[in-house]
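S.K.: First the structure, then my questions, so here it is.
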2 protein chains.
Amino acid sequence: MASKTRLCVDQPLGQGQTVPLERAQAHYLTVVMRLAEGAVVSLFNGRDGEWDARIAEAGKRGCLLVCERQTRAQDVPPDLWLLFAPIKKARTDFIVEKAVEMGAARILPVQTDFTNSERVRQDRLQAHAIEAAEQCGGVFVPPVEELQKLGRLLDHWPDERQLMFCDETRLGQEHGLAGAGSGPWAILIGPEGGFSQAERARLAALPQARAVAHGPRILRADTAAVAAMTLWQHMLGDWR
Amino acid sequence: MASKTRLCVDQPLGQGQTVPLERAQAHYLTVVMRLAEGAVVSLFNGRDGEWDARIAEAGKRGCLLVCERQTRAQDVPPDLWLLFAPIKKARTDFIVEKAVEMGAARILPVQTDFTNSERVRQDRLQAHAIEAAEQCGGVFVPPVEELQKLGRLLDHWPDERQLMFCDETRLGQEHGLAGAGSGPWAILIGPEGGFSQAERARLAALPQARAVAHGPRILRADTAAVAAMTLWQHMLGDWR
């Protein structure tokens with residue numbers, strides 16, 4: 001089951017386009033993947049689809065690739081944001097990875113009243129999102145935003161964007177996506193301690209917000225993120 | 001958001017029942033959680049529901065607890081097995097954790113044609129399942145079986161148990177759970193390299209088996225496990 005090496009690059013891609021790679025990506029191709037001149041890899045940049053590109057020059061300081069053939073058109077996932085309260089490092093990384101696999105269009109770490117994290121390494125999480133897109137065969141890399149306060153985000157919440165948040169207190173109630181329409185959406189995953197009273201009141205008052213329950217067991221934040229995105233993609237997104 | 005310490009024990013639980021704890025669990029309560037005599041913890045054993053129990057004696061070599069009040073009746077999750085091909089250690093642990101949170105009734109590691117693992121540490125995975133049940137508020141701990149060959153399992157597949165397997169080659173087809181009935185079920189998650197031709201043929205010939213697709217992106221095995229269990233619980237299980 002050898003599959004082609006995939007790389008996300010910054011450069012434009014197109015028929016005959018040459019793509020120079022700097023040291024880190026050249027190292028990955030020639031040393032980690034042991035590819036030599038003449039080998040074909042798969043490139044995408046989030047704008048121009050996916051291309052087969054041949055390694056024309058392979059050196060220690062860099063590589064030069066030439067695009068030969070578009071293998072997939074660009075596609076963009078449905079307009080779904082994932083908002084989540086950062087948790088421990090490994091699980092935060094995991095949520096970003098899963099958000100890419102599950103087709104989130106934008107990833108927004110948020111600080112809630114019970115969030116422990118004061119900051120996240122946005123650049124590290126973005127790199128993680130790129131790696132996940134390379135792995136999952138996607139041609140789109142969702143932008144990962146800087147950590148921002150949930151309250152501020154709700155202050156300026158777009159009128160047309162619906163918001164699904166997970167509320168463990170709503171056990172036994174009907175699933176909140178029934179009858180929902182598609183269009184711009186966001187999923188909000190709270191921190192391990194749940195939302196504060198003030199945040200609950202705030203969300204309840206937001207006309208675009210819907211609470212959903214995820215069964216009788218308590219889900220960790222990372223599980224809840226995958227479960228919520230699964231239901232959304234299944235009912236309203238590109239799994240239909 | 002302090003929540004009560006939860007412990008899974010072997011002993012029977014009931015009104016006034018004394019529960020002696022051996023060294024490891026006593027250490028957890030008194031040293032890790034810093035609980036002293038008089039403190040109340042939450043106990044379950046997978047058979048007798050969940051009980052508030054008070055620490056009557058706390059010593060270095062052991063603790064004695066007394067059950068005071070049943071806080072939840074025993075419940076059993078729907079009859080869903082999770083079969084998965086073990087992958088790297090951290091992701092295998094993760095699949096077991098998620099299977100417990102998502103309410104699998106039995107966890108079966110399987111060896112497929114493209115599975116790298118020759119063996120798994122069943123005892124370690126079972127301990128992981130217990131810890132996940134303690135964390136997710138469940139009162140049921142699914143048994144984790146020893147690794148077995150998928151082929152042998154399919155040779156003796158129970159007539160009445162339906163099997164949903166994830167097939168990345170079925171993109172764009174309708175989701176295979178539409179119109180399915182409840183009852184005994186299993187979900188089979190293949191290894192990273194997918195199923196072999198022979199396994200695919202075998203599954204296609206099994207009347208109880210249904211292939212399902214999980215959207216346009218390739219999901220890692222751990223993501224596919226959570227997504228498949230989400231859809232099953234939502235459509236046929238205890239999230240309804």
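Residues are referred to by chain and number: the chain letter is A, B, ... according to the order shown in the structure tokens, the number counts from 1 in that chain, and ligands are numbered separately from 1 in the order shown.
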If you run DSSP on the backbone here, which positions in region 6-123 of chain A get strand (DSSP E)? Please write them as a VMD selection string.
M.R.: chain A and resid 6 to 8 18 to 21 40 to 44 50 to 58 63 to 72 80 to 84 106 to 111
S.K.: Give me, as a ChimeraX atom specification, the residues of chain A touching chain B, with the criterion being at most 6 Å (counting only C-alpha atoms).
M.R.: /A:1,101,136,193,215,218-219,227,230,239
S.K.: For the residues selected in the previous step, produce a file with N, CA and C atoms as a PDB file, in the first residue's frame.
M.R.:
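Heads up, here's the output in result_38.pdb:
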```
ATOM      1  N   MET A   1       0.826  -1.192   0.000  1.00  0.00           N
ATOM      2  CA  MET A   1       0.000   0.000   0.000  1.00  0.00           C
ATOM      3  C   MET A   1       0.870   1.255   0.000  1.00  0.00           C
ATOM      4  N   GLU A 101      -9.125  16.523   9.341  1.00  0.00           N
ATOM      5  CA  GLU A 101      -9.673  15.293   8.744  1.00  0.00           C
ATOM      6  C   GLU A 101     -11.184  15.380   8.554  1.00  0.00           C
ATOM      7  N   CYS A 136      -4.264  13.306   5.260  1.00  0.00           N
ATOM      8  CA  CYS A 136      -5.645  12.839   5.053  1.00  0.00           C
ATOM      9  C   CYS A 136      -6.062  12.977   3.601  1.00  0.00           C
ATOM     10  N   GLY A 193     -14.028  21.546  32.144  1.00  0.00           N
ATOM     11  CA  GLY A 193     -14.886  21.952  33.259  1.00  0.00           C
ATOM     12  C   GLY A 193     -16.261  22.415  32.828  1.00  0.00           C
ATOM     13  N   GLY A 215     -25.369  11.984  23.977  1.00  0.00           N
ATOM     14  CA  GLY A 215     -25.572  10.705  24.636  1.00  0.00           C
ATOM     15  C   GLY A 215     -25.337  10.727  26.126  1.00  0.00           C
ATOM     16  N   ILE A 218     -20.205  11.050  29.508  1.00  0.00           N
ATOM     17  CA  ILE A 218     -19.501  12.322  29.388  1.00  0.00           C
ATOM     18  C   ILE A 218     -18.367  12.136  28.394  1.00  0.00           C
ATOM     19  N   LEU A 219     -18.329  12.961  27.370  1.00  0.00           N
ATOM     20  CA  LEU A 219     -17.258  12.855  26.382  1.00  0.00           C
ATOM     21  C   LEU A 219     -16.146  13.832  26.719  1.00  0.00           C
ATOM     22  N   ALA A 227     -17.154  13.840  17.424  1.00  0.00           N
ATOM     23  CA  ALA A 227     -18.567  13.425  17.359  1.00  0.00           C
ATOM     24  C   ALA A 227     -19.436  14.546  16.787  1.00  0.00           C
ATOM     25  N   THR A 230     -18.797  14.915  13.122  1.00  0.00           N
ATOM     26  CA  THR A 230     -19.387  13.785  12.396  1.00  0.00           C
ATOM     27  C   THR A 230     -20.876  14.024  12.143  1.00  0.00           C
ATOM     28  N   TRP A 239     -20.756  14.926   3.870  1.00  0.00           N
ATOM     29  CA  TRP A 239     -20.916  13.469   3.965  1.00  0.00           C
ATOM     30  C   TRP A 239     -22.298  13.051   3.498  1.00  0.00           C
TER      31      TRP A 239
END
```
S.K.: Near Gln208 (chain B), within 8 Å and counting only C-alpha atoms, which residues show up once chain neighbours fewer than 4 positions away are dropped, as a list in words?
M.R.: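 What passes the distance filter is Asp159, Glu160, Arg161, Gln162 and Leu163 of chain B.
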S.K.: Would you export the selected residues with C-alpha atoms as a short mmCIF file (atom, residue, chain, number, x, y, z; two decimals), in the first residue's frame, please?
M.R.:
```cif
data_model
loop_
_atom_site.label_atom_id
_atom_site.label_comp_id
_atom_site.auth_asym_id
_atom_site.auth_seq_id
_atom_site.Cartn_x
_atom_site.Cartn_y
_atom_site.Cartn_z
CA ASP B 159 -25.95 -14.91 12.30
CA GLU B 160 -27.86 -12.24 14.15
CA ARG B 161 -25.04 -9.68 14.49
CA GLN B 162 -24.81 -7.01 11.81
CA LEU B 163 -21.42 -5.67 10.85
#
```
S.K.: Of the candidates B:Leu203, B:Leu236, B:Arg91, B:Leu108, which shows the shortest atom-to-atom distance to Leu154 (chain B), using only C-alpha atoms?
M.R.: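 Looking only at the distances to Leu154 (chain B), the closest residue turns out to be B:Leu203.
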S.K.: For Arg6 (chain A), which of A:Leu147, A:Ala204, A:Val40, A:Leu125 is the closest residue, counting only C-alpha atoms?
M.R.: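 Residue with the minimum atom-to-atom distance to Arg6 (chain A): A:Val40.
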S.K.: Measuring atom to atom with only C-alpha atoms, identify which of B:Glu146, B:Glu134, B:Asp48, B:Asp123 is nearest to Thr5 (chain B).
M.R.: B:Glu134
S.K.: To test your reading of the structure, identify every residue in region 6-239 of chain B that backbone DSSP assigns to alpha helix (DSSP H), and report it as a PyMOL selection string.
M.R.: chain B and resi 23-27+89-101+122-136+150-155+197-205+221-235
S.K.: Which is closest to Lys88 (chain A) among A:Val212, A:Val120, A:Val110, A:Ala105, if we use only C-alpha atoms?
M.R.: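 Ranked by minimum distance to Lys88 (chain A), first place goes to A:Val120.
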S.K.: Please compute the CA of Gln11 (chain A)-CA of Phe44 (chain A) distance, one decimal, in Å.
M.R.: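 These two atoms are separated by 9.0 Å.
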S.K.: Can you pull out every residue within 12 Å of region 15-26 of chain B, counting only C-alpha atoms, but drop anything in the same chain fewer than 2 positions away, and send it as a ChimeraX atom specification?
M.R.: /B:5-13,28-37,41-45,48-71,131
S.K.: Write out the residues from the selection above, keeping N, CA and C atoms, as a short mmCIF file (atom, residue, chain, number, x, y, z; two decimals), in the first residue's frame.
M.R.:
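Here's the written file result-v5.cif:
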```cif
data_model
loop_
_atom_site.label_atom_id
_atom_site.label_comp_id
_atom_site.auth_asym_id
_atom_site.auth_seq_id
_atom_site.Cartn_x
_atom_site.Cartn_y
_atom_site.Cartn_z
N THR B 5 -14.26 11.86 43.04
CA THR B 5 -13.34 10.83 42.54
C THR B 5 -14.12 9.55 42.27
N ARG B 6 -13.87 8.96 41.10
CA ARG B 6 -14.56 7.73 40.73
C ARG B 6 -13.57 6.58 40.67
N LEU B 7 -13.96 5.43 41.16
CA LEU B 7 -13.10 4.25 41.14
C LEU B 7 -13.90 3.05 40.67
N CYS B 8 -13.29 2.28 39.78
CA CYS B 8 -13.86 1.00 39.38
C CYS B 8 -13.24 -0.08 40.26
N VAL B 9 -14.06 -0.86 40.93
CA VAL B 9 -13.55 -1.90 41.83
C VAL B 9 -14.07 -3.27 41.41
N ASP B 10 -13.48 -4.33 41.98
CA ASP B 10 -13.94 -5.68 41.67
C ASP B 10 -15.05 -6.13 42.62
N GLN B 11 -15.03 -5.61 43.84
CA GLN B 11 -15.91 -6.11 44.90
C GLN B 11 -17.39 -5.81 44.64
N PRO B 12 -18.27 -6.61 45.25
CA PRO B 12 -19.70 -6.29 45.16
C PRO B 12 -20.01 -4.98 45.89
N LEU B 13 -21.03 -4.27 45.42
CA LEU B 13 -21.44 -3.01 46.02
C LEU B 13 -22.90 -3.13 46.43
N TYR B 28 -3.84 5.66 45.31
CA TYR B 28 -4.47 6.65 44.44
C TYR B 28 -5.37 7.59 45.26
N LEU B 29 -6.19 6.98 46.14
CA LEU B 29 -7.13 7.81 46.91
C LEU B 29 -6.43 8.72 47.91
N THR B 30 -5.49 8.13 48.67
CA THR B 30 -4.93 8.89 49.79
C THR B 30 -3.75 9.77 49.38
N VAL B 31 -2.95 9.31 48.44
CA VAL B 31 -1.77 10.09 48.06
C VAL B 31 -2.04 10.97 46.84
N VAL B 32 -2.53 10.36 45.75
CA VAL B 32 -2.74 11.14 44.53
C VAL B 32 -3.89 12.13 44.72
N MET B 33 -5.03 11.64 45.22
CA MET B 33 -6.20 12.50 45.38
C MET B 33 -6.26 13.17 46.75
N ARG B 34 -5.34 12.80 47.64
CA ARG B 34 -5.25 13.41 48.98
C ARG B 34 -6.55 13.34 49.77
N LEU B 35 -7.21 12.20 49.68
CA LEU B 35 -8.46 12.04 50.43
C LEU B 35 -8.16 11.36 51.76
N ALA B 36 -8.92 11.76 52.80
CA ALA B 36 -8.71 11.20 54.13
C ALA B 36 -9.98 10.48 54.60
N GLU B 37 -9.91 9.89 55.79
CA GLU B 37 -11.09 9.24 56.35
C GLU B 37 -12.26 10.22 56.39
N VAL B 41 -16.30 8.96 48.00
CA VAL B 41 -15.92 8.74 46.60
C VAL B 41 -17.02 7.95 45.92
N SER B 42 -16.91 7.85 44.63
CA SER B 42 -17.93 7.18 43.83
C SER B 42 -17.35 5.86 43.33
N LEU B 43 -18.05 4.76 43.62
CA LEU B 43 -17.57 3.44 43.21
C LEU B 43 -18.53 2.79 42.21
N PHE B 44 -17.97 2.01 41.29
CA PHE B 44 -18.79 1.16 40.43
C PHE B 44 -17.98 -0.09 40.12
N ASN B 45 -18.68 -1.14 39.72
CA ASN B 45 -17.97 -2.40 39.40
C ASN B 45 -18.47 -3.03 38.10
N ASP B 48 -23.22 -3.46 39.72
CA ASP B 48 -24.13 -3.01 40.78
C ASP B 48 -24.42 -1.51 40.74
N GLY B 49 -24.25 -0.88 39.61
CA GLY B 49 -24.51 0.55 39.52
C GLY B 49 -23.40 1.36 40.15
N GLU B 50 -23.72 2.59 40.51
CA GLU B 50 -22.73 3.51 41.08
C GLU B 50 -23.13 3.86 42.51
N TRP B 51 -22.14 3.87 43.41
CA TRP B 51 -22.42 4.09 44.82
C TRP B 51 -21.53 5.17 45.41
N ASP B 52 -22.11 6.00 46.25
CA ASP B 52 -21.33 6.87 47.12
C ASP B 52 -20.79 6.01 48.25
N ALA B 53 -19.47 6.06 48.45
CA ALA B 53 -18.88 5.27 49.54
C ALA B 53 -17.96 6.18 50.35
N ARG B 54 -18.00 6.02 51.66
CA ARG B 54 -17.21 6.86 52.55
C ARG B 54 -15.95 6.10 52.97
N ILE B 55 -14.85 6.81 53.02
CA ILE B 55 -13.60 6.18 53.47
C ILE B 55 -13.67 6.02 54.99
N ALA B 56 -13.71 4.76 55.45
CA ALA B 56 -13.81 4.49 56.89
C ALA B 56 -12.42 4.37 57.51
N GLU B 57 -11.51 3.75 56.80
CA GLU B 57 -10.13 3.63 57.29
C GLU B 57 -9.20 3.91 56.11
N ALA B 58 -8.24 4.79 56.33
CA ALA B 58 -7.27 5.09 55.27
C ALA B 58 -5.88 4.81 55.80
N GLY B 59 -5.25 3.78 55.25
CA GLY B 59 -3.89 3.45 55.68
C GLY B 59 -2.98 3.35 54.48
N LYS B 60 -1.70 3.18 54.78
CA LYS B 60 -0.76 3.12 53.66
C LYS B 60 -0.92 1.84 52.85
N ARG B 61 -1.29 0.77 53.54
CA ARG B 61 -1.35 -0.52 52.86
C ARG B 61 -2.71 -0.81 52.25
N GLY B 62 -3.70 -0.01 52.65
CA GLY B 62 -5.03 -0.27 52.10
C GLY B 62 -6.03 0.71 52.68
N CYS B 63 -7.24 0.69 52.13
CA CYS B 63 -8.32 1.53 52.61
C CYS B 63 -9.54 0.65 52.80
N LEU B 64 -10.43 1.11 53.66
CA LEU B 64 -11.72 0.44 53.80
C LEU B 64 -12.81 1.48 53.53
N LEU B 65 -13.68 1.17 52.60
CA LEU B 65 -14.78 2.08 52.28
C LEU B 65 -16.10 1.41 52.64
N VAL B 66 -17.11 2.23 52.92
CA VAL B 66 -18.45 1.70 53.19
C VAL B 66 -19.44 2.37 52.23
N CYS B 67 -20.21 1.53 51.52
CA CYS B 67 -21.21 2.05 50.58
C CYS B 67 -22.36 2.68 51.34
N GLU B 68 -22.74 3.88 50.99
CA GLU B 68 -23.80 4.58 51.71
C GLU B 68 -25.08 4.73 50.91
N ARG B 69 -24.95 4.87 49.59
CA ARG B 69 -26.13 5.28 48.83
C ARG B 69 -25.88 4.99 47.36
N GLN B 70 -26.84 4.35 46.71
CA GLN B 70 -26.68 4.15 45.27
C GLN B 70 -27.01 5.45 44.54
N THR B 71 -26.12 5.88 43.71
CA THR B 71 -26.33 7.13 42.99
C THR B 71 -26.80 6.90 41.56
N GLU B 131 -9.85 2.91 33.20
CA GLU B 131 -9.56 4.32 33.48
C GLU B 131 -10.51 5.23 32.69
#
```
S.K.: With a distance cut-off of 12 Å and only C-alpha atoms, select the neighbouring residues of Arg121 (chain A), excluding the residue or stretch itself and same-chain residues fewer than 6 positions from it, and output the selection as a PyMOL selection string.
M.R.: chain A and resi 86+89+92-93+109+127-128+144-147
S.K.: Please produce a file of the residues just selected, as an mmCIF file, in the first residue's frame, where the atoms kept are N, CA and C atoms.
M.R.:
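Saved as again05.cif:
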```cif
data_model
loop_
_atom_site.group_PDB
_atom_site.id
_atom_site.type_symbol
_atom_site.label_atom_id
_atom_site.label_comp_id
_atom_site.auth_asym_id
_atom_site.auth_seq_id
_atom_site.Cartn_x
_atom_site.Cartn_y
_atom_site.Cartn_z
ATOM 1 N N PRO A 86 -8.703 25.277 24.335
ATOM 2 C CA PRO A 86 -7.503 24.433 24.365
ATOM 3 C C PRO A 86 -7.389 23.673 25.677
ATOM 4 N N LYS A 89 -1.656 19.748 25.865
ATOM 5 C CA LYS A 89 -1.009 19.861 24.549
ATOM 6 C C LYS A 89 -1.354 18.724 23.585
ATOM 7 N N THR A 92 -4.913 18.963 22.450
ATOM 8 C CA THR A 92 -5.138 20.120 21.579
ATOM 9 C C THR A 92 -4.638 19.805 20.173
ATOM 10 N N ASP A 93 -3.443 19.223 20.077
ATOM 11 C CA ASP A 93 -2.913 18.795 18.781
ATOM 12 C C ASP A 93 -3.882 17.849 18.091
ATOM 13 N N PRO A 109 -9.230 28.584 18.342
ATOM 14 C CA PRO A 109 -9.083 28.293 19.773
ATOM 15 C C PRO A 109 -9.693 29.457 20.569
ATOM 16 N N ALA A 127 1.050 24.442 11.728
ATOM 17 C CA ALA A 127 1.924 23.429 11.120
ATOM 18 C C ALA A 127 1.301 22.043 11.269
ATOM 19 N N HIS A 128 0.687 21.829 12.404
ATOM 20 C CA HIS A 128 0.002 20.566 12.665
ATOM 21 C C HIS A 128 -1.167 20.371 11.697
ATOM 22 N N VAL A 144 -5.697 28.271 11.244
ATOM 23 C CA VAL A 144 -5.847 28.195 12.701
ATOM 24 C C VAL A 144 -5.630 29.604 13.237
ATOM 25 N N GLU A 145 -6.597 30.127 13.933
ATOM 26 C CA GLU A 145 -6.502 31.504 14.433
ATOM 27 C C GLU A 145 -5.760 31.561 15.765
ATOM 28 N N GLU A 146 -5.389 32.770 16.162
ATOM 29 C CA GLU A 146 -4.821 32.986 17.486
ATOM 30 C C GLU A 146 -5.923 32.770 18.535
ATOM 31 N N LEU A 147 -5.502 32.434 19.744
ATOM 32 C CA LEU A 147 -6.466 32.279 20.848
ATOM 33 C C LEU A 147 -7.205 33.599 21.072
#
```
S.K.: Quick one: everything within 12 Å of Thr112 (chain B), counting only C-alpha atoms, minus sequence neighbours fewer than 4 positions away in the same chain. Send it as a ChimeraX atom specification.
M.R.: /B:83-87,116-119,147-154,188-200
